$ cat upload_37.cif   # mmCIF, C-alpha atoms
data_coords
#
loop_
_atom_site.group_PDB
_atom_site.id
_atom_site.type_symbol
_atom_site.label_atom_id
_atom_site.label_comp_id
_atom_site.auth_asym_id
_atom_site.auth_seq_id
_atom_site.Cartn_x
_atom_site.Cartn_y
_atom_site.Cartn_z
ATOM 1 C CA MET A 1 0.000 0.000 0.000
ATOM 2 C CA ALA A 2 0.958 3.646 -0.271
ATOM 3 C CA ASN A 3 -0.161 7.064 0.885
ATOM 4 C CA TYR A 4 -3.149 8.923 -0.545
ATOM 5 C CA ALA A 5 -3.865 12.652 -0.607
ATOM 6 C CA PHE A 6 -7.332 14.163 -0.173
ATOM 7 C CA ILE A 7 -7.498 17.765 -1.389
ATOM 8 C CA ASP A 8 -10.135 20.448 -0.808
ATOM 9 C CA SER A 9 -9.391 22.129 -4.142
ATOM 10 C CA GLN A 10 -11.604 25.171 -3.664
ATOM 11 C CA ASN A 11 -10.080 25.959 -0.275
ATOM 12 C CA VAL A 12 -6.608 25.617 -1.757
ATOM 13 C CA HIS A 13 -7.423 27.690 -4.839
ATOM 14 C CA LEU A 14 -9.122 30.555 -2.997
ATOM 15 C CA SER A 15 -6.453 30.740 -0.293
ATOM 16 C CA ILE A 16 -3.603 30.752 -2.799
ATOM 17 C CA ARG A 17 -5.379 33.311 -4.999
ATOM 18 C CA ASP A 18 -5.932 35.576 -1.983
ATOM 19 C CA GLN A 19 -2.155 35.522 -1.455
ATOM 20 C CA GLY A 20 -1.653 36.783 -5.021
ATOM 21 C CA TRP A 21 -0.198 33.707 -6.667
ATOM 22 C CA SER A 22 -1.345 30.648 -8.558
ATOM 23 C CA LEU A 23 -0.495 27.038 -7.743
ATOM 24 C CA ASP A 24 1.131 24.924 -10.435
ATOM 25 C CA TRP A 25 -0.980 21.802 -9.939
ATOM 26 C CA LYS A 26 1.389 19.577 -11.915
ATOM 27 C CA ARG A 27 4.317 20.583 -9.697
ATOM 28 C CA PHE A 28 2.143 20.148 -6.626
ATOM 29 C CA ARG A 29 1.237 16.598 -7.684
ATOM 30 C CA GLN A 30 4.914 15.767 -8.161
ATOM 31 C CA TYR A 31 5.718 17.305 -4.770
ATOM 32 C CA LEU A 32 3.097 15.075 -3.107
ATOM 33 C CA LYS A 33 4.609 12.018 -4.746
ATOM 34 C CA ASP A 34 8.221 12.895 -3.960
ATOM 35 C CA LYS A 35 7.802 14.257 -0.433
ATOM 36 C CA TYR A 36 4.969 12.106 0.975
ATOM 37 C CA ASP A 37 4.976 9.028 -1.278
ATOM 38 C CA VAL A 38 1.432 9.837 -2.464
ATOM 39 C CA ALA A 39 0.346 7.196 -4.967
ATOM 40 C CA LYS A 40 -3.155 8.612 -5.477
ATOM 41 C CA ALA A 41 -4.215 12.227 -5.053
ATOM 42 C CA PHE A 42 -7.953 12.847 -4.932
ATOM 43 C CA THR A 43 -9.094 16.403 -5.527
ATOM 44 C CA PHE A 44 -12.634 17.358 -4.640
ATOM 45 C CA ILE A 45 -14.221 20.071 -6.749
ATOM 46 C CA GLY A 46 -17.626 21.431 -7.729
ATOM 47 C CA TYR A 47 -18.519 20.599 -11.326
ATOM 48 C CA VAL A 48 -19.027 23.756 -13.381
ATOM 49 C CA PRO A 49 -19.929 23.294 -17.067
ATOM 50 C CA GLY A 50 -17.374 25.105 -19.196
ATOM 51 C CA ASN A 51 -14.422 24.260 -16.924
ATOM 52 C CA GLU A 52 -13.512 21.116 -18.855
ATOM 53 C CA ASN A 53 -9.997 22.447 -19.608
ATOM 54 C CA LEU A 54 -9.394 22.748 -15.872
ATOM 55 C CA TYR A 55 -10.575 19.202 -15.230
ATOM 56 C CA THR A 56 -8.450 17.857 -18.090
ATOM 57 C CA MET A 57 -5.378 19.690 -16.753
ATOM 58 C CA LEU A 58 -5.919 18.253 -13.264
ATOM 59 C CA GLU A 59 -6.309 14.724 -14.619
ATOM 60 C CA GLN A 60 -3.248 15.091 -16.864
ATOM 61 C CA SER A 61 -1.315 16.314 -13.821
ATOM 62 C CA GLY A 62 -2.117 13.048 -12.048
ATOM 63 C CA PHE A 63 -5.114 13.938 -9.889
ATOM 64 C CA ILE A 64 -8.221 11.820 -9.501
ATOM 65 C CA ILE A 65 -11.158 14.224 -9.584
ATOM 66 C CA VAL A 66 -14.218 13.691 -7.421
ATOM 67 C CA PHE A 67 -16.977 16.042 -8.549
ATOM 68 C CA LYS A 68 -19.626 17.660 -6.406
ATOM 69 C CA PRO A 69 -22.753 19.055 -8.066
ATOM 70 C CA ILE A 70 -22.940 22.816 -7.648
ATOM 71 C CA LEU A 71 -25.783 25.180 -6.852
ATOM 72 C CA ASN A 72 -26.208 28.676 -8.254
ATOM 73 C CA ILE A 73 -27.376 30.863 -5.365
ATOM 74 C CA ARG A 74 -28.272 34.549 -5.316
ATOM 75 C CA SER A 75 -26.437 36.379 -2.563
ATOM 76 C CA GLY A 76 -26.462 40.133 -2.161
ATOM 77 C CA GLY A 77 -27.882 40.576 -5.656
ATOM 78 C CA ARG A 78 -25.222 38.492 -7.377
ATOM 79 C CA ALA A 79 -24.990 34.864 -8.449
ATOM 80 C CA VAL A 80 -22.722 32.711 -6.300
ATOM 81 C CA ILE A 81 -21.658 29.179 -7.158
ATOM 82 C CA LYS A 82 -21.776 26.840 -4.164
ATOM 83 C CA GLY A 83 -20.174 23.404 -4.252
ATOM 84 C CA ASN A 84 -19.128 22.455 -0.725
ATOM 85 C CA VAL A 85 -17.028 19.273 -0.933
ATOM 86 C CA ASP A 86 -16.575 18.566 2.785
ATOM 87 C CA ALA A 87 -18.850 15.516 3.019
ATOM 88 C CA GLU A 88 -17.446 14.013 -0.182
ATOM 89 C CA LEU A 89 -13.852 14.354 1.024
ATOM 90 C CA VAL A 90 -14.580 12.714 4.378
ATOM 91 C CA LEU A 91 -16.710 9.973 2.815
ATOM 92 C CA HIS A 92 -14.122 9.221 0.147
ATOM 93 C CA THR A 93 -11.376 9.008 2.763
ATOM 94 C CA MET A 94 -13.440 6.361 4.549
ATOM 95 C CA ILE A 95 -14.241 4.531 1.275
ATOM 96 C CA GLU A 96 -10.500 4.345 0.515
ATOM 97 C CA TRP A 97 -9.559 3.461 4.119
ATOM 98 C CA ASN A 98 -8.290 -0.058 3.394
ATOM 99 C CA ASN A 99 -6.357 1.061 0.297
ATOM 100 C CA PHE A 100 -3.861 3.488 1.862
ATOM 101 C CA ASP A 101 -1.268 3.402 4.632
ATOM 102 C CA ARG A 102 -1.464 7.090 5.540
ATOM 103 C CA ALA A 103 -3.426 10.117 4.382
ATOM 104 C CA VAL A 104 -2.257 13.593 3.464
ATOM 105 C CA ILE A 105 -5.078 16.112 3.958
ATOM 106 C CA VAL A 106 -4.816 19.385 2.028
ATOM 107 C CA THR A 107 -7.053 22.165 3.374
ATOM 108 C CA GLY A 108 -7.147 25.026 5.833
ATOM 109 C CA ASP A 109 -10.821 24.399 6.627
ATOM 110 C CA GLY A 110 -11.453 23.448 10.253
ATOM 111 C CA ASP A 111 -14.461 21.367 9.208
ATOM 112 C CA PHE A 112 -11.908 18.601 8.629
ATOM 113 C CA TYR A 113 -10.550 18.719 12.194
ATOM 114 C CA CYS A 114 -12.444 15.582 13.224
ATOM 115 C CA LEU A 115 -11.126 13.684 10.186
ATOM 116 C CA VAL A 116 -7.510 14.666 10.879
ATOM 117 C CA ARG A 117 -7.860 13.804 14.573
ATOM 118 C CA TYR A 118 -9.427 10.425 13.739
ATOM 119 C CA LEU A 119 -6.708 9.586 11.200
ATOM 120 C CA ILE A 120 -4.049 10.445 13.803
ATOM 121 C CA GLN A 121 -5.746 8.268 16.422
ATOM 122 C CA LYS A 122 -5.831 5.334 13.997
ATOM 123 C CA ASN A 123 -2.201 5.858 12.901
ATOM 124 C CA LYS A 124 -3.350 6.537 9.321
ATOM 125 C CA PHE A 125 -2.195 10.161 9.093
ATOM 126 C CA SER A 126 0.850 11.519 7.310
ATOM 127 C CA ARG A 127 0.558 15.304 6.932
ATOM 128 C CA LEU A 128 -1.765 18.292 6.981
ATOM 129 C CA ILE A 129 -0.976 20.752 4.204
ATOM 130 C CA VAL A 130 -2.575 24.177 4.611
ATOM 131 C CA PRO A 131 -2.606 26.799 1.836
ATOM 132 C CA ASP A 132 -1.684 29.771 4.043
ATOM 133 C CA LYS A 133 0.317 29.611 7.262
ATOM 134 C CA ASN A 134 -1.303 32.875 8.381
ATOM 135 C CA LYS A 135 -4.931 31.987 7.622
ATOM 136 C CA TYR A 136 -6.106 28.529 8.495
ATOM 137 C CA SER A 137 -8.445 27.154 11.127
ATOM 138 C CA ARG A 138 -7.229 27.540 14.701
ATOM 139 C CA LEU A 139 -8.562 24.038 15.302
ATOM 140 C CA PHE A 140 -5.564 22.760 13.350
ATOM 141 C CA HIS A 141 -2.999 24.647 15.440
ATOM 142 C CA GLU A 142 -2.595 21.662 17.761
ATOM 143 C CA PHE A 143 -1.206 19.786 14.740
ATOM 144 C CA ALA A 144 1.490 22.402 14.031
ATOM 145 C CA GLU A 145 4.304 19.846 14.111
ATOM 146 C CA ILE A 146 2.678 17.828 11.322
ATOM 147 C CA THR A 147 1.473 20.785 9.244
ATOM 148 C CA THR A 148 3.114 22.163 6.110
ATOM 149 C CA PRO A 149 2.037 25.547 4.689
ATOM 150 C CA LEU A 150 1.963 25.779 0.890
ATOM 151 C CA ASN A 151 2.932 29.454 0.956
ATOM 152 C CA GLU A 152 6.320 28.494 2.392
ATOM 153 C CA MET A 153 6.891 26.585 -0.864
ATOM 154 C CA LYS A 154 5.641 29.341 -3.144
ATOM 155 C CA GLU A 155 8.888 29.568 -5.157
ATOM 156 C CA LYS A 156 8.800 25.825 -5.801
ATOM 157 C CA LEU A 157 5.073 25.463 -6.483
ATOM 158 C CA ALA A 158 3.955 28.762 -8.049
ATOM 159 C CA LYS A 159 2.824 28.738 -11.636
ATOM 160 C CA LYS A 160 5.398 30.476 -13.817
ATOM 161 C CA MET A 161 3.812 32.819 -16.343
ATOM 162 C CA ARG A 162 5.583 34.613 -19.159
ATOM 163 C CA GLY A 163 5.707 38.374 -18.756
ATOM 164 C CA ILE A 164 4.384 38.282 -15.209
ATOM 165 C CA PRO A 165 6.688 38.340 -12.158
ATOM 166 C CA SER A 166 6.783 35.017 -10.315
ATOM 167 C CA GLY A 167 3.956 34.611 -7.841
ATOM 168 C CA ARG A 168 1.662 37.221 -9.425
ATOM 169 C CA ASN A 169 -1.256 35.985 -11.463
ATOM 170 C CA PRO A 170 -3.905 38.456 -12.560
ATOM 171 C CA SER A 171 -6.434 35.710 -13.209
ATOM 172 C CA ASP A 172 -9.164 34.897 -10.735
ATOM 173 C CA SER A 173 -9.748 31.445 -12.121
ATOM 174 C CA LEU A 174 -8.491 28.109 -10.834
ATOM 175 C CA SER A 175 -8.251 27.100 -14.486
ATOM 176 C CA SER A 176 -5.680 29.723 -15.433
#
$ encode --input "upload_37.cif" --output "structure tokens"
Amino acid sequence: MANYAFIDSQNVHLSIRDQGWSLDWKRFRQYLKDKYDVAKAFTFIGYVPGNENLYTMLEQSGFIIVFKPILNIRSGGRAVIKGNVDAELVLHTMIEWNNFDRAVIVTGDGDFYCLVRYLIQKNKFSRLIVPDKNKYSRLFHEFAEITTPLNEMKEKLAKKMRGIPSGRNPSDSLSS
């Protein structure tokens, strides 16, 4: 058996974007393999028609995509896409339980605290990777010794774009 990663892609994307850079998903997949021996990396994402290029890029980078149906909600007079993947990520971790040695959880969302704690208790936990060392759930602070912030690896994992200084991406889209 090997290690598996379970990734809250929207949490990662929004946190990285808020820091002003864009994650190179292909490099990130390689990093997971090299650093944590991740054989399978599941990324959980809301399915939005028209984002097929994004989904293809993720698959070609080595991710297994688990889709969540999305809802279009009106909030404050504007349309908001909602595709919370929390239940899918936890459920899929349990479905895969017998297929991995240890799990790498990638999120800053404290809703996954109980999953991380349970994995630790059962000796099935490898690492918590948070997108931003300055903005992640305080519930995870007790796991500081087994937490890696993505922003500390920005130079290694940032998407390189021609004509734009490293770490700056004007696009708002995960698919850029």
$ resolve_selection --input "upload_37.cif" --expression "the PyMOL selection byres ((chain A and resi 37) around 10)" --output "PDB file with C-alpha atoms, in the coordinates of the input"
ATOM      1  CA  ALA A   2       0.958   3.646  -0.271  1.00  0.00           C
ATOM      2  CA  ASN A   3      -0.161   7.064   0.885  1.00  0.00           C
ATOM      3  CA  TYR A   4      -3.149   8.923  -0.545  1.00  0.00           C
ATOM      4  CA  ALA A   5      -3.865  12.652  -0.607  1.00  0.00           C
ATOM      5  CA  GLN A  30       4.914  15.767  -8.161  1.00  0.00           C
ATOM      6  CA  TYR A  31       5.718  17.305  -4.770  1.00  0.00           C
ATOM      7  CA  LEU A  32       3.097  15.075  -3.107  1.00  0.00           C
ATOM      8  CA  LYS A  33       4.609  12.018  -4.746  1.00  0.00           C
ATOM      9  CA  ASP A  34       8.221  12.895  -3.960  1.00  0.00           C
ATOM     10  CA  LYS A  35       7.802  14.257  -0.433  1.00  0.00           C
ATOM     11  CA  TYR A  36       4.969  12.106   0.975  1.00  0.00           C
ATOM     12  CA  VAL A  38       1.432   9.837  -2.464  1.00  0.00           C
ATOM     13  CA  ALA A  39       0.346   7.196  -4.967  1.00  0.00           C
ATOM     14  CA  LYS A  40      -3.155   8.612  -5.477  1.00  0.00           C
ATOM     15  CA  ARG A 102      -1.464   7.090   5.540  1.00  0.00           C
ATOM     16  CA  VAL A 104      -2.257  13.593   3.464  1.00  0.00           C
ATOM     17  CA  SER A 126       0.850  11.519   7.310  1.00  0.00           C
TER      18      SER A 126
END
$ resolve_selection --input "upload_37.cif" --expression "the PyMOL selection byres ((chain A and resi 108) around 9)" --output "number ranges by chain"
A: 8, 11-12, 15, 106-107, 109-112, 128-133, 135-137, 140
$ atom_distance --input "upload_37.cif" --atom1 "CA of Glu52 in chain A" --atom2 "CA of Lys68 in chain A"
14.3 Å
$ residues_around --input "upload_37.cif" --residues "range 90-96 of chain A" --least-positions-apart "2" --cutoff "10 Å" --atoms "only C-alpha atoms" --output "list in words"
Tyr4, Ala5, Phe6, Phe42, Phe44, Val66, Val85, Asp86, Ala87, Glu88, Asn98, Asn99, Phe100, Ala103, Ile105, Asp111, Phe112, Cys114, Leu115, Val116 and Leu119 of chain A
$ resolve_selection --input "upload_37.cif" --expression "the PyMOL selection byres ((chain A and resi 25) around 8)" --output "list in words"
Leu23, Asp24, Lys26, Arg27, Phe28, Arg29, Leu58, Ser61 and Leu157 of chain A
$ closest_residue --input "upload_37.cif" --among "A:Ile65, A:Met1, A:Ile120, A:Ile16" --to "Asn134 in chain A" --atoms "all atoms listed in the file"
A:Ile16
$ atom_distance --input "upload_37.cif" --atom1 "CA of Glu145 in chain A" --atom2 "CA of Trp97 in chain A"
23.7 Å
$ atom_distance --input "upload_37.cif" --atom1 "CA of Gly46 in chain A" --atom2 "CA of Ile146 in chain A"
28.1 Å
$ axis_aligned_box --input "upload_37.cif" --around "range 100-109 of chain A" --padding-each-side "4 Å" --output "AutoDock Vina command-line options"
--center_x -6.0 --center_y 14.2 --center_z 4.2 --size_x 17.6 --size_y 29.6 --size_z 12.8
$ decode --input "upload_37.cif" --residues "range 9-72 of chain A" --atoms "C-alpha atoms" --output "PDB file, in the first residue's frame"
ATOM      1  CA  SER A   9      -9.391  22.129  -4.142  1.00  0.00           C
ATOM      2  CA  GLN A  10     -11.604  25.171  -3.664  1.00  0.00           C
ATOM      3  CA  ASN A  11     -10.080  25.959  -0.275  1.00  0.00           C
ATOM      4  CA  VAL A  12      -6.608  25.617  -1.757  1.00  0.00           C
ATOM      5  CA  HIS A  13      -7.423  27.690  -4.839  1.00  0.00           C
ATOM      6  CA  LEU A  14      -9.122  30.555  -2.997  1.00  0.00           C
ATOM      7  CA  SER A  15      -6.453  30.740  -0.293  1.00  0.00           C
ATOM      8  CA  ILE A  16      -3.603  30.752  -2.799  1.00  0.00           C
ATOM      9  CA  ARG A  17      -5.379  33.311  -4.999  1.00  0.00           C
ATOM     10  CA  ASP A  18      -5.932  35.576  -1.983  1.00  0.00           C
ATOM     11  CA  GLN A  19      -2.155  35.522  -1.455  1.00  0.00           C
ATOM     12  CA  GLY A  20      -1.653  36.783  -5.021  1.00  0.00           C
ATOM     13  CA  TRP A  21      -0.198  33.707  -6.667  1.00  0.00           C
ATOM     14  CA  SER A  22      -1.345  30.648  -8.558  1.00  0.00           C
ATOM     15  CA  LEU A  23      -0.495  27.038  -7.743  1.00  0.00           C
ATOM     16  CA  ASP A  24       1.131  24.924 -10.435  1.00  0.00           C
ATOM     17  CA  TRP A  25      -0.980  21.802  -9.939  1.00  0.00           C
ATOM     18  CA  LYS A  26       1.389  19.577 -11.915  1.00  0.00           C
ATOM     19  CA  ARG A  27       4.317  20.583  -9.697  1.00  0.00           C
ATOM     20  CA  PHE A  28       2.143  20.148  -6.626  1.00  0.00           C
ATOM     21  CA  ARG A  29       1.237  16.598  -7.684  1.00  0.00           C
ATOM     22  CA  GLN A  30       4.914  15.767  -8.161  1.00  0.00           C
ATOM     23  CA  TYR A  31       5.718  17.305  -4.770  1.00  0.00           C
ATOM     24  CA  LEU A  32       3.097  15.075  -3.107  1.00  0.00           C
ATOM     25  CA  LYS A  33       4.609  12.018  -4.746  1.00  0.00           C
ATOM     26  CA  ASP A  34       8.221  12.895  -3.960  1.00  0.00           C
ATOM     27  CA  LYS A  35       7.802  14.257  -0.433  1.00  0.00           C
ATOM     28  CA  TYR A  36       4.969  12.106   0.975  1.00  0.00           C
ATOM     29  CA  ASP A  37       4.976   9.028  -1.278  1.00  0.00           C
ATOM     30  CA  VAL A  38       1.432   9.837  -2.464  1.00  0.00           C
ATOM     31  CA  ALA A  39       0.346   7.196  -4.967  1.00  0.00           C
ATOM     32  CA  LYS A  40      -3.155   8.612  -5.477  1.00  0.00           C
ATOM     33  CA  ALA A  41      -4.215  12.227  -5.053  1.00  0.00           C
ATOM     34  CA  PHE A  42      -7.953  12.847  -4.932  1.00  0.00           C
ATOM     35  CA  THR A  43      -9.094  16.403  -5.527  1.00  0.00           C
ATOM     36  CA  PHE A  44     -12.634  17.358  -4.640  1.00  0.00           C
ATOM     37  CA  ILE A  45     -14.221  20.071  -6.749  1.00  0.00           C
ATOM     38  CA  GLY A  46     -17.626  21.431  -7.729  1.00  0.00           C
ATOM     39  CA  TYR A  47     -18.519  20.599 -11.326  1.00  0.00           C
ATOM     40  CA  VAL A  48     -19.027  23.756 -13.381  1.00  0.00           C
ATOM     41  CA  PRO A  49     -19.929  23.294 -17.067  1.00  0.00           C
ATOM     42  CA  GLY A  50     -17.374  25.105 -19.196  1.00  0.00           C
ATOM     43  CA  ASN A  51     -14.422  24.260 -16.924  1.00  0.00           C
ATOM     44  CA  GLU A  52     -13.512  21.116 -18.855  1.00  0.00           C
ATOM     45  CA  ASN A  53      -9.997  22.447 -19.608  1.00  0.00           C
ATOM     46  CA  LEU A  54      -9.394  22.748 -15.872  1.00  0.00           C
ATOM     47  CA  TYR A  55     -10.575  19.202 -15.230  1.00  0.00           C
ATOM     48  CA  THR A  56      -8.450  17.857 -18.090  1.00  0.00           C
ATOM     49  CA  MET A  57      -5.378  19.690 -16.753  1.00  0.00           C
ATOM     50  CA  LEU A  58      -5.919  18.253 -13.264  1.00  0.00           C
ATOM     51  CA  GLU A  59      -6.309  14.724 -14.619  1.00  0.00           C
ATOM     52  CA  GLN A  60      -3.248  15.091 -16.864  1.00  0.00           C
ATOM     53  CA  SER A  61      -1.315  16.314 -13.821  1.00  0.00           C
ATOM     54  CA  GLY A  62      -2.117  13.048 -12.048  1.00  0.00           C
ATOM     55  CA  PHE A  63      -5.114  13.938  -9.889  1.00  0.00           C
ATOM     56  CA  ILE A  64      -8.221  11.820  -9.501  1.00  0.00           C
ATOM     57  CA  ILE A  65     -11.158  14.224  -9.584  1.00  0.00           C
ATOM     58  CA  VAL A  66     -14.218  13.691  -7.421  1.00  0.00           C
ATOM     59  CA  PHE A  67     -16.977  16.042  -8.549  1.00  0.00           C
ATOM     60  CA  LYS A  68     -19.626  17.660  -6.406  1.00  0.00           C
ATOM     61  CA  PRO A  69     -22.753  19.055  -8.066  1.00  0.00           C
ATOM     62  CA  ILE A  70     -22.940  22.816  -7.648  1.00  0.00           C
ATOM     63  CA  LEU A  71     -25.783  25.180  -6.852  1.00  0.00           C
ATOM     64  CA  ASN A  72     -26.208  28.676  -8.254  1.00  0.00           C
TER      65      ASN A  72
END
